[in-house]
Each structure stands twice: as C-alpha cells, then as structure tokens.
>>> print(open('final.cif').read())   # mmCIF, C-alpha atoms and all ligand atoms
data_model
loop_
_atom_site.label_atom_id
_atom_site.label_comp_id
_atom_site.auth_asym_id
_atom_site.auth_seq_id
_atom_site.Cartn_x
_atom_site.Cartn_y
_atom_site.Cartn_z
CA MET R 1108 -15.85 6.38 5.21
CA VAL R 1109 -12.69 4.31 4.97
CA LYS R 1110 -11.45 3.79 1.42
CA ILE R 1111 -10.42 0.35 0.27
CA SER R 1112 -7.32 -0.48 -1.72
CA THR R 1113 -7.44 -4.07 -2.93
CA SER R 1114 -4.09 -5.88 -3.12
CA ILE R 1115 -3.89 -8.24 -6.08
CA LEU R 1116 -0.73 -9.94 -4.78
CA SER R 1117 -2.42 -13.23 -3.85
CA ALA R 1118 -4.81 -13.38 -6.82
CA LYS R 1119 -4.38 -16.47 -8.98
CA ASP R 1120 -5.06 -14.65 -12.25
CA ARG R 1121 -4.20 -10.99 -11.82
CA ILE R 1122 -5.73 -9.80 -15.09
CA GLU R 1123 -9.06 -11.46 -14.26
CA CYS R 1124 -8.82 -10.07 -10.74
CA ILE R 1125 -8.39 -6.52 -12.07
CA LYS R 1126 -11.29 -6.94 -14.48
CA LYS R 1127 -13.49 -8.04 -11.59
CA LEU R 1128 -12.29 -5.19 -9.37
CA ASN R 1129 -13.21 -2.70 -12.09
CA THR R 1130 -16.87 -3.60 -11.49
CA THR R 1131 -16.67 -3.07 -7.69
CA THR R 1132 -16.46 -0.03 -5.41
CA THR R 1133 -12.83 -0.62 -4.48
CA ASP R 1134 -11.23 2.83 -4.42
CA TYR R 1135 -7.74 1.73 -5.46
CA ILE R 1136 -5.85 -1.29 -6.68
CA HIS R 1137 -2.83 -1.92 -4.44
CA ILE R 1138 0.27 -3.05 -6.33
CA ASP R 1139 2.98 -4.76 -4.26
CA VAL R 1140 6.43 -4.68 -5.81
CA MET R 1141 9.11 -6.78 -4.08
CA ASP R 1142 12.75 -7.17 -5.11
CA GLY R 1143 13.78 -10.34 -3.25
CA SER R 1144 16.24 -8.25 -1.22
CA PHE R 1145 14.34 -5.71 0.89
CA VAL R 1146 11.85 -8.52 1.44
CA PRO R 1147 12.35 -12.27 0.82
CA ASN R 1148 9.92 -12.44 -2.07
CA TYR R 1149 10.02 -11.38 -5.71
CA GLN R 1150 6.65 -10.37 -7.07
CA LEU R 1151 5.03 -8.16 -9.61
CA PRO R 1152 7.89 -7.27 -11.95
CA ILE R 1153 7.51 -3.76 -13.38
CA ASP R 1154 6.73 -5.15 -16.86
CA GLU R 1155 3.74 -6.97 -15.36
CA VAL R 1156 2.64 -3.85 -13.48
CA ASN R 1157 2.79 -1.82 -16.71
CA LYS R 1158 0.75 -4.46 -18.53
CA LEU R 1159 -1.81 -4.77 -15.72
CA SER R 1160 -2.38 -1.02 -15.75
CA THR R 1161 -3.84 -1.27 -19.26
CA TYR R 1162 -6.71 -3.37 -17.83
CA ALA R 1163 -7.31 -1.21 -14.75
CA GLY R 1164 -10.34 1.01 -14.35
CA LYS R 1165 -9.20 2.10 -10.88
CA PRO R 1166 -6.18 4.08 -9.73
CA PHE R 1167 -2.99 2.21 -8.76
CA ASP R 1168 -1.69 2.55 -5.21
CA ILE R 1169 1.91 1.39 -5.65
CA HIS R 1170 3.84 -0.07 -2.70
CA LEU R 1171 7.55 -0.49 -3.45
CA MET R 1172 9.25 -2.97 -1.09
CA VAL R 1173 12.61 -2.57 -2.81
CA ASP R 1174 16.10 -1.36 -1.90
CA ASN R 1175 16.48 0.80 -5.02
CA PRO R 1176 13.17 2.51 -5.75
CA GLU R 1177 14.48 5.01 -8.35
CA GLU R 1178 14.94 2.38 -11.05
CA TYR R 1179 11.42 1.06 -10.45
CA ILE R 1180 9.86 4.52 -10.39
CA ASN R 1181 11.56 5.45 -13.65
CA SER R 1182 10.42 2.21 -15.34
CA LEU R 1183 6.73 2.58 -14.48
CA LYS R 1184 4.59 3.31 -17.52
CA CYS R 1185 1.07 3.46 -16.12
CA ASP R 1186 -1.29 6.36 -16.64
CA ASN R 1187 -3.44 5.50 -13.62
CA ILE R 1188 -0.99 6.00 -10.73
CA SER R 1189 -2.41 7.70 -7.66
CA ASN R 1190 0.58 7.38 -5.36
CA ILE R 1191 3.94 5.71 -5.01
CA THR R 1192 5.05 4.59 -1.56
CA ILE R 1193 8.61 3.68 -0.56
CA HIS R 1194 9.96 2.34 2.74
CA VAL R 1195 11.57 4.51 5.41
CA GLU R 1196 13.92 1.63 6.29
CA ILE R 1197 15.92 1.64 3.04
CA GLU R 1198 19.51 2.86 3.18
CA LYS R 1199 19.21 5.47 0.47
CA ASP R 1200 18.71 9.21 0.12
CA ILE R 1201 15.02 8.96 0.94
CA ARG R 1202 14.30 12.66 0.47
CA SER R 1203 15.60 12.66 -3.09
CA ILE R 1204 13.41 9.64 -3.95
CA LEU R 1205 10.37 11.31 -2.39
CA ASN R 1206 11.16 14.36 -4.52
CA LEU R 1207 11.37 12.17 -7.63
CA ILE R 1208 7.87 10.79 -6.90
CA LYS R 1209 6.53 14.30 -6.35
CA SER R 1210 8.16 15.59 -9.55
CA LYS R 1211 6.21 12.99 -11.53
CA GLY R 1212 2.94 14.33 -10.13
CA TYR R 1213 2.05 11.38 -7.88
CA LYS R 1214 1.06 11.50 -4.23
CA VAL R 1215 4.10 10.77 -2.07
CA GLY R 1216 3.92 7.87 0.38
CA LEU R 1217 6.28 6.56 3.02
CA SER R 1218 5.78 3.12 4.54
CA ILE R 1219 6.93 1.84 7.90
CA LYS R 1220 7.43 -1.75 9.06
CA PRO R 1221 5.89 -2.96 12.36
CA LYS R 1222 9.15 -2.82 14.35
CA THR R 1223 10.46 0.52 13.08
CA ASN R 1224 10.22 3.51 15.40
CA PRO R 1225 7.60 5.86 13.89
CA THR R 1226 9.65 8.92 14.94
CA LYS R 1227 11.71 8.05 11.81
CA LEU R 1228 8.87 9.57 9.76
CA ILE R 1229 9.17 13.00 11.32
CA LYS R 1230 11.90 14.45 9.17
CA TYR R 1231 9.93 13.75 5.98
CA LEU R 1232 6.58 15.16 7.08
CA ASP R 1233 7.05 18.30 4.98
CA ILE R 1234 7.10 16.31 1.74
CA ILE R 1235 4.91 13.24 2.25
CA ASP R 1236 1.17 13.07 1.60
CA MET R 1237 0.62 9.67 3.17
CA VAL R 1238 2.00 7.04 5.53
CA LEU R 1239 1.49 3.35 4.82
CA VAL R 1240 1.52 1.64 8.21
CA MET R 1241 2.44 -2.03 7.85
CA SER R 1242 0.30 -4.24 10.08
CA VAL R 1243 2.30 -7.37 9.12
CA GLU R 1244 5.97 -7.87 8.27
CA PRO R 1245 6.10 -7.01 4.56
CA GLY R 1246 6.73 -9.78 2.04
CA PHE R 1247 3.67 -12.00 1.87
CA GLY R 1248 -0.10 -11.82 1.75
CA GLY R 1249 -2.34 -13.82 4.07
CA GLN R 1250 -0.56 -13.04 7.38
CA SER R 1251 -2.24 -12.09 10.68
CA PHE R 1252 -2.82 -8.45 11.67
CA ILE R 1253 -0.44 -7.25 14.43
CA PRO R 1254 -2.60 -5.70 17.22
CA SER R 1255 -0.03 -3.05 18.30
CA THR R 1256 -0.68 -1.36 14.92
CA GLU R 1257 -3.59 0.50 16.54
CA ARG R 1258 -1.27 2.26 18.99
CA ARG R 1259 1.12 3.15 16.16
CA ILE R 1260 -1.72 4.67 14.13
CA ASP R 1261 -2.73 6.82 17.13
CA TYR R 1262 0.82 8.18 17.37
CA ILE R 1263 1.20 8.80 13.62
CA ARG R 1264 -2.15 10.61 13.61
CA THR R 1265 -0.67 13.24 15.98
CA LEU R 1266 2.21 14.05 13.62
CA LYS R 1267 0.58 16.13 10.90
CA LYS R 1268 -2.79 17.53 9.99
CA ASP R 1269 -4.24 16.06 6.77
CA LEU R 1270 -1.76 13.19 6.63
CA ILE R 1271 -3.39 10.30 4.79
CA ILE R 1272 -2.99 7.12 6.84
CA GLU R 1273 -3.19 3.79 5.04
CA VAL R 1274 -2.83 0.42 6.77
CA ASP R 1275 -1.64 -2.76 5.04
CA GLY R 1276 -1.65 -6.41 6.06
CA GLY R 1277 -4.06 -8.91 7.60
CA ILE R 1278 -7.13 -6.72 7.15
CA ASN R 1279 -10.46 -8.53 7.16
CA ASN R 1280 -13.99 -7.79 8.40
CA THR R 1281 -12.90 -8.36 12.02
CA THR R 1282 -9.47 -6.70 12.18
CA ILE R 1283 -10.69 -3.58 10.39
CA LYS R 1284 -13.23 -2.79 13.14
CA LYS R 1285 -10.82 -1.25 15.64
CA ILE R 1286 -9.00 0.94 13.14
CA LYS R 1287 -11.50 1.94 10.46
CA ASN R 1288 -12.44 5.22 12.17
CA LYS R 1289 -8.80 6.23 12.61
CA ILE R 1290 -7.50 5.67 9.10
CA ASP R 1291 -8.17 6.86 5.56
CA ILE R 1292 -7.37 3.79 3.47
CA ALA R 1293 -7.32 0.08 4.31
CA VAL R 1294 -5.38 -2.31 2.07
CA SER R 1295 -6.93 -5.74 1.88
CA GLY R 1296 -5.69 -8.59 -0.26
CA SER R 1297 -6.59 -12.19 0.46
CA TYR R 1298 -9.82 -11.32 2.29
CA ILE R 1299 -11.16 -9.86 -0.96
CA THR R 1300 -9.39 -11.83 -3.68
CA ASN R 1301 -9.99 -15.24 -2.05
CA SER R 1302 -13.70 -14.52 -1.75
CA ASP R 1303 -16.36 -15.56 -4.25
CA ASP R 1304 -17.98 -12.15 -4.15
CA TYR R 1305 -15.51 -9.23 -4.23
CA GLN R 1306 -18.23 -6.59 -3.82
CA LYS R 1307 -19.67 -8.27 -0.74
CA ALA R 1308 -16.21 -8.48 0.85
CA ILE R 1309 -15.61 -4.78 0.08
CA ASN R 1310 -19.01 -3.86 1.54
CA ASP R 1311 -18.18 -5.84 4.70
CA LEU R 1312 -14.97 -3.83 5.09
CA LYS R 1313 -16.53 -0.44 4.40
CA ASN R 1314 -19.68 -0.79 6.50
C1 LIG K 1401 2.47 -7.53 2.25
C2 LIG K 1401 1.82 -6.65 1.25
C3 LIG K 1401 0.34 -6.52 1.42
C4 LIG K 1401 -0.43 -7.80 1.23
C5 LIG K 1401 -1.79 -7.68 1.84
O1 LIG K 1401 3.85 -7.38 2.16
O2 LIG K 1401 2.36 -5.34 1.33
O3 LIG K 1401 -0.17 -5.50 0.57
O4 LIG K 1401 -0.56 -8.15 -0.11
O5 LIG K 1401 -2.42 -8.92 1.76
P1 LIG K 1401 -3.36 -9.48 2.93
O6 LIG K 1401 -4.54 -8.57 3.01
O7 LIG K 1401 -3.66 -10.85 2.46
O8 LIG K 1401 -2.55 -9.43 4.22
ZN ZN K 1402 1.34 -3.72 0.25
#
>>> encode(input="final.cif", output="structure tokens", more="lines below")
Ligand code: DX5
Ligand code: ZN
Amino acid sequence: MVKISTSILSAKDRIECIKKLNTTTTDYIHIDVMDGSFVPNYQLPIDEVNKLSTYAGKPFDIHLMVDNPEEYINSLKCDNISNITIHVEIEKDIRSILNLIKSKGYKVGLSIKPKTNPTKLIKYLDIIDMVLVMSVEPGFGGQSFIPSTERRIDYIRTLKKDLIIEVDGGINNTTIKKIKNKIDIAVSGSYITNSDDYQKAINDLKN
C-alpha cells in the first residue's frame, strides 16, 4: 500500500497540524525547506523545523529546496529524521552532500523537478535510497499535478531495483489514482491540511 507523507507547508498553525497528524495513520511528516533562491519562496526556517520536531510523533521526511544544503543539514537537530532529500539541479558537489546525509544515518534522497531530464539521476544510483519526483514546479503548495509525471515515474522505476519512489505536488484523491500502484510514498499537503478530517483524507488517498 502507498505510504503517505503529509506536507505541513500550507497549514495555518503548524504545531497544531503536527499534533493532529500524530493521531492519524500518516506515515511521515513532509518538511519543505526553501531558501528564497533555489525556489522563490522562503519557508520553514531550520529553527522552526527543529522546534516542530519536538511535537512530532511521526518521522520527518525532509525536502531541501535550497542551493546550499550542507549548512541546513548540519543545523538540523531533530531526532525523528527518516530521510533528507536534496535537488539534483543544484550546482554543487552533489555526491559529497549525499555522502554527508548518509554519514548521519539518514536515508538518502534526490529530488528532480518536472523539466529536468531524469537521466541526471543515473550517476548517483549507487548512493541514493530514494527519488522524490516533483509533480509540480517546487516552491508552493496547492498547485495542479502535472500529468507527464506518470511517464517519468515509469522511466525512473526501470533504473534500480528497490529504489523508493516518492511523488510530491498536487496529490489528491483523484490525481493519486493513476500513480498509487507505481510509487512507494505520496506527499500530500493542502488536500490533507485544508480538510476538516485529516484521517478521512488520508484514508481516501491510501484506499
Ligand atoms: C512544493 C512542495 C510540496 C507541497 C505539496 O514545492 O515541495 O511538498 O507542499 O503541497 P500540495 O499537496 O498542496 O501540492
Ligand atoms: Zn516537498
């Protein structure tokens, strides 16, 4: 069954949102970190992430949309991190950052934007545990799912046995239908956090 990672980006009160999520069957809490440079939005400063982790009863799935991930990775003080994911598009020594994530004992994720050629992932397959396939342009919650994502998932699925595939952006009870049997984790933000009943929204996505 597909696992659900709930993005708290669009929640009005993130502490209350996390407390509510603790009582649901969400598998992860998805933490979006944006630097205002890699994407045109600045959200979830690391100090807030560290504070939020003290309320969380679920593992953090951390998505770094930043040009300089090392400084963020080294500032994280959360004892509930499952994975840290960086972007393949950044102009940095990606392998050394992936090694830094691995050295800290977290699962290693690499994310790819909708217009980036997925062959860019190939040279990192030996070190990554998961690929986060963006199904919207990163930067904001509440956007529409890009249909060509399905074809990209099919290609990425051929690259490596046991690769965890996570999809992020515009996922609701309709858009998840075509991809839920092909992926391991679906990130969903506004569909869950704008609803009155988080557990019902999560059930709708899983079933
Ligand atoms: C977008 C973020 C997503 C976003 C998902 O840049 O990476 O995680 O919060 O939110 P929805 O589900 O509302 O598209
Ligand atoms: Zn995200």
>>> closest_residue(input="final.cif", among="R:Asp1311, R:Lys1284, R:Asp1142, R:Leu1266", to="Thr1226 of chain R", atoms="only C-alpha atoms")
R:Leu1266
>>> residues_near_ligand(input="final.cif", ligand="ligand LIG 1401 (chain K)", cutoff="10 Å", atoms="only C-alpha atoms and all ligand atoms", output="PyMOL selection string")
chain R and resi 1112-1118+1137-1141+1146-1148+1169-1172+1218+1220+1239-1252+1274-1279+1293-1301
>>> closest_residue(input="final.cif", among="R:Val1215, R:Ile1283, R:Ile1229, R:Cys1124", to="Thr1265 of chain R", atoms="all atoms listed in the file")
R:Ile1229
>>> residues_near_point(input="final.cif", point="(-17.5, -5.8, -10.9)", cutoff="12 Å", atoms="only C-alpha atoms", output="MDAnalysis selection string")
chainID R and resid 1123:1133 1163:1165 1303:1307 1309
>>> closest_residue(input="final.cif", among="R:Val1173, R:Ser1182, R:Lys1285, R:Ile1234", to="Ser1203 of chain R", atoms="all atoms listed in the file")
R:Ile1234
>>> closest_residue(input="final.cif", among="R:His1194, R:Lys1289, R:Lys1222, R:Lys1184", to="ligand ZN 1402 (chain K)", atoms="only C-alpha atoms and all ligand atoms")
R:His1194
>>> closest_residue(input="final.cif", among="R:Glu1273, R:Leu1205, R:Ser1189, R:Asn1157", to="Ile1219 of chain R", atoms="all atoms listed in the file")
R:Glu1273
>>> residues_around(input="final.cif", residues="Ile1180 of chain R", least_positions_apart="6", cutoff="10 Å", atoms="all atoms listed in the file", output="list in words")
Ile1153, Ile1169, Leu1171, Ile1191, Ile1193, Ile1204, Leu1207, Ile1208 and Lys1211 of chain R
>>> atom_distance(input="final.cif", atom1="atom CA of Ile1292 of chain R", atom2="atom CA of Asp1154 of chain R")
26.3 Å
>>> residues_around(input="final.cif", residues="Ile1290 of chain R", least_positions_apart="2", cutoff="7 Å", atoms="only C-alpha atoms", output="list in words")
Val1109, Ile1272, Glu1273, Ile1286, Lys1287, Asn1288 and Ile1292 of chain R
>>> write_last_selection(input="final.cif", atoms="C-alpha atoms", output="PDB file, in the coordinates of the input")
ATOM      1  CA  VAL R1109     -12.690   4.310   4.970  1.00  0.00           C
ATOM      2  CA  ILE R1272      -2.990   7.120   6.840  1.00  0.00           C
ATOM      3  CA  GLU R1273      -3.190   3.790   5.040  1.00  0.00           C
ATOM      4  CA  ILE R1286      -9.000   0.940  13.140  1.00  0.00           C
ATOM      5  CA  LYS R1287     -11.500   1.940  10.460  1.00  0.00           C
ATOM      6  CA  ASN R1288     -12.440   5.220  12.170  1.00  0.00           C
ATOM      7  CA  ILE R1292      -7.370   3.790   3.470  1.00  0.00           C
TER       8      ILE R1292
END
>>> closest_residue(input="final.cif", among="R:Asp1186, R:Asp1233, R:Asp1168, R:Asp1134", to="ligand ZN 1402 (chain K)", atoms="all atoms listed in the file")
R:Asp1168
>>> atom_distance(input="final.cif", atom1="atom CA of Asn1187 of chain R", atom2="atom CA of Lys1158 of chain R")
11.9 Å
>>> build_atoms(input="final.cif", residues="segment 1220-1231 of chain R", atoms="all heavy atoms", output="PDB file, in the coordinates of the input")
ATOM      1  N   LYS R1220       7.628  -0.357   8.621  1.00  0.00           N
ATOM      2  CA  LYS R1220       7.430  -1.750   9.060  1.00  0.00           C
ATOM      3  C   LYS R1220       7.017  -1.778  10.533  1.00  0.00           C
ATOM      4  O   LYS R1220       7.268  -0.822  11.279  1.00  0.00           O
ATOM      5  CB  LYS R1220       8.727  -2.545   8.866  1.00  0.00           C
ATOM      6  CG  LYS R1220       9.201  -2.603   7.429  1.00  0.00           C
ATOM      7  CD  LYS R1220      10.104  -3.805   7.170  1.00  0.00           C
ATOM      8  CE  LYS R1220      11.471  -3.657   7.761  1.00  0.00           C
ATOM      9  NZ  LYS R1220      12.370  -4.799   7.429  1.00  0.00           N
ATOM     10  N   PRO R1221       6.442  -2.899  10.988  1.00  0.00           N
ATOM     11  CA  PRO R1221       5.890  -2.960  12.360  1.00  0.00           C
ATOM     12  C   PRO R1221       6.898  -2.691  13.472  1.00  0.00           C
ATOM     13  O   PRO R1221       6.521  -2.195  14.530  1.00  0.00           O
ATOM     14  CB  PRO R1221       5.366  -4.401  12.461  1.00  0.00           C
ATOM     15  CG  PRO R1221       5.094  -4.805  11.064  1.00  0.00           C
ATOM     16  CD  PRO R1221       6.116  -4.118  10.211  1.00  0.00           C
ATOM     17  N   LYS R1222       8.174  -2.992  13.248  1.00  0.00           N
ATOM     18  CA  LYS R1222       9.150  -2.820  14.350  1.00  0.00           C
ATOM     19  C   LYS R1222       9.956  -1.531  14.239  1.00  0.00           C
ATOM     20  O   LYS R1222      10.836  -1.287  15.068  1.00  0.00           O
ATOM     21  CB  LYS R1222      10.094  -4.024  14.385  1.00  0.00           C
ATOM     22  CG  LYS R1222       9.383  -5.300  14.827  1.00  0.00           C
ATOM     23  CD  LYS R1222      10.361  -6.462  14.932  1.00  0.00           C
ATOM     24  CE  LYS R1222       9.614  -7.763  15.181  1.00  0.00           C
ATOM     25  NZ  LYS R1222      10.161  -8.884  14.415  1.00  0.00           N
ATOM     26  N   THR R1223       9.694  -0.719  13.244  1.00  0.00           N
ATOM     27  CA  THR R1223      10.460   0.520  13.080  1.00  0.00           C
ATOM     28  C   THR R1223       9.840   1.630  13.915  1.00  0.00           C
ATOM     29  O   THR R1223       8.620   1.791  13.951  1.00  0.00           O
ATOM     30  CB  THR R1223      10.457   0.933  11.583  1.00  0.00           C
ATOM     31  OG1 THR R1223      10.984  -0.147  10.821  1.00  0.00           O
ATOM     32  CG2 THR R1223      11.276   2.187  11.348  1.00  0.00           C
ATOM     33  N   ASN R1224      10.711   2.406  14.569  1.00  0.00           N
ATOM     34  CA  ASN R1224      10.220   3.510  15.400  1.00  0.00           C
ATOM     35  C   ASN R1224       9.559   4.579  14.523  1.00  0.00           C
ATOM     36  O   ASN R1224      10.206   5.125  13.618  1.00  0.00           O
ATOM     37  CB  ASN R1224      11.412   4.109  16.167  1.00  0.00           C
ATOM     38  CG  ASN R1224      10.966   5.080  17.239  1.00  0.00           C
ATOM     39  OD1 ASN R1224       9.954   5.765  17.065  1.00  0.00           O
ATOM     40  ND2 ASN R1224      11.689   5.127  18.325  1.00  0.00           N
ATOM     41  N   PRO R1225       8.299   4.896  14.771  1.00  0.00           N
ATOM     42  CA  PRO R1225       7.600   5.860  13.890  1.00  0.00           C
ATOM     43  C   PRO R1225       8.159   7.281  13.955  1.00  0.00           C
ATOM     44  O   PRO R1225       7.835   8.099  13.091  1.00  0.00           O
ATOM     45  CB  PRO R1225       6.149   5.800  14.367  1.00  0.00           C
ATOM     46  CG  PRO R1225       6.144   5.102  15.662  1.00  0.00           C
ATOM     47  CD  PRO R1225       7.402   4.294  15.777  1.00  0.00           C
ATOM     48  N   THR R1226       9.021   7.587  14.932  1.00  0.00           N
ATOM     49  CA  THR R1226       9.650   8.920  14.940  1.00  0.00           C
ATOM     50  C   THR R1226      10.527   9.095  13.696  1.00  0.00           C
ATOM     51  O   THR R1226      10.855  10.213  13.332  1.00  0.00           O
ATOM     52  CB  THR R1226      10.506   9.140  16.211  1.00  0.00           C
ATOM     53  OG1 THR R1226      11.484   8.107  16.289  1.00  0.00           O
ATOM     54  CG2 THR R1226       9.652   9.127  17.465  1.00  0.00           C
ATOM     55  N   LYS R1227      10.905   7.978  13.052  1.00  0.00           N
ATOM     56  CA  LYS R1227      11.710   8.050  11.810  1.00  0.00           C
ATOM     57  C   LYS R1227      10.989   8.804  10.691  1.00  0.00           C
ATOM     58  O   LYS R1227      11.598   9.243   9.716  1.00  0.00           O
ATOM     59  CB  LYS R1227      12.012   6.639  11.303  1.00  0.00           C
ATOM     60  CG  LYS R1227      13.201   6.003  11.929  1.00  0.00           C
ATOM     61  CD  LYS R1227      13.775   4.976  10.957  1.00  0.00           C
ATOM     62  CE  LYS R1227      15.216   4.656  11.316  1.00  0.00           C
ATOM     63  NZ  LYS R1227      15.880   3.848  10.321  1.00  0.00           N
ATOM     64  N   LEU R1228       9.645   8.904  10.808  1.00  0.00           N
ATOM     65  CA  LEU R1228       8.870   9.570   9.760  1.00  0.00           C
ATOM     66  C   LEU R1228       8.983  11.088   9.844  1.00  0.00           C
ATOM     67  O   LEU R1228       8.755  11.794   8.852  1.00  0.00           O
ATOM     68  CB  LEU R1228       7.382   9.186   9.903  1.00  0.00           C
ATOM     69  CG  LEU R1228       7.027   7.705   9.785  1.00  0.00           C
ATOM     70  CD1 LEU R1228       5.592   7.468  10.271  1.00  0.00           C
ATOM     71  CD2 LEU R1228       7.181   7.235   8.336  1.00  0.00           C
ATOM     72  N   ILE R1229       9.339  11.577  11.032  1.00  0.00           N
ATOM     73  CA  ILE R1229       9.170  13.000  11.320  1.00  0.00           C
ATOM     74  C   ILE R1229       9.924  13.905  10.346  1.00  0.00           C
ATOM     75  O   ILE R1229       9.383  14.902   9.875  1.00  0.00           O
ATOM     76  CB  ILE R1229       9.568  13.295  12.792  1.00  0.00           C
ATOM     77  CG1 ILE R1229       8.513  12.665  13.720  1.00  0.00           C
ATOM     78  CG2 ILE R1229       9.689  14.791  13.055  1.00  0.00           C
ATOM     79  CD1 ILE R1229       8.847  12.725  15.199  1.00  0.00           C
ATOM     80  N   LYS R1230      11.136  13.521  10.007  1.00  0.00           N
ATOM     81  CA  LYS R1230      11.900  14.450   9.170  1.00  0.00           C
ATOM     82  C   LYS R1230      11.408  14.531   7.720  1.00  0.00           C
ATOM     83  O   LYS R1230      11.866  15.367   6.952  1.00  0.00           O
ATOM     84  CB  LYS R1230      13.400  14.168   9.238  1.00  0.00           C
ATOM     85  CG  LYS R1230      13.856  12.877   8.682  1.00  0.00           C
ATOM     86  CD  LYS R1230      15.397  12.852   8.790  1.00  0.00           C
ATOM     87  CE  LYS R1230      15.915  11.480   8.464  1.00  0.00           C
ATOM     88  NZ  LYS R1230      17.351  11.362   8.615  1.00  0.00           N
ATOM     89  N   TYR R1231      10.465  13.691   7.352  1.00  0.00           N
ATOM     90  CA  TYR R1231       9.930  13.750   5.980  1.00  0.00           C
ATOM     91  C   TYR R1231       8.509  14.307   5.912  1.00  0.00           C
ATOM     92  O   TYR R1231       7.896  14.329   4.844  1.00  0.00           O
ATOM     93  CB  TYR R1231       9.966  12.343   5.359  1.00  0.00           C
ATOM     94  CG  TYR R1231      11.337  11.726   5.414  1.00  0.00           C
ATOM     95  CD1 TYR R1231      11.606  10.650   6.264  1.00  0.00           C
ATOM     96  CD2 TYR R1231      12.381  12.232   4.645  1.00  0.00           C
ATOM     97  CE1 TYR R1231      12.876  10.092   6.340  1.00  0.00           C
ATOM     98  CE2 TYR R1231      13.655  11.686   4.717  1.00  0.00           C
ATOM     99  CZ  TYR R1231      13.895  10.623   5.574  1.00  0.00           C
ATOM    100  OH  TYR R1231      15.149  10.089   5.644  1.00  0.00           O
TER     101      TYR R1231
END
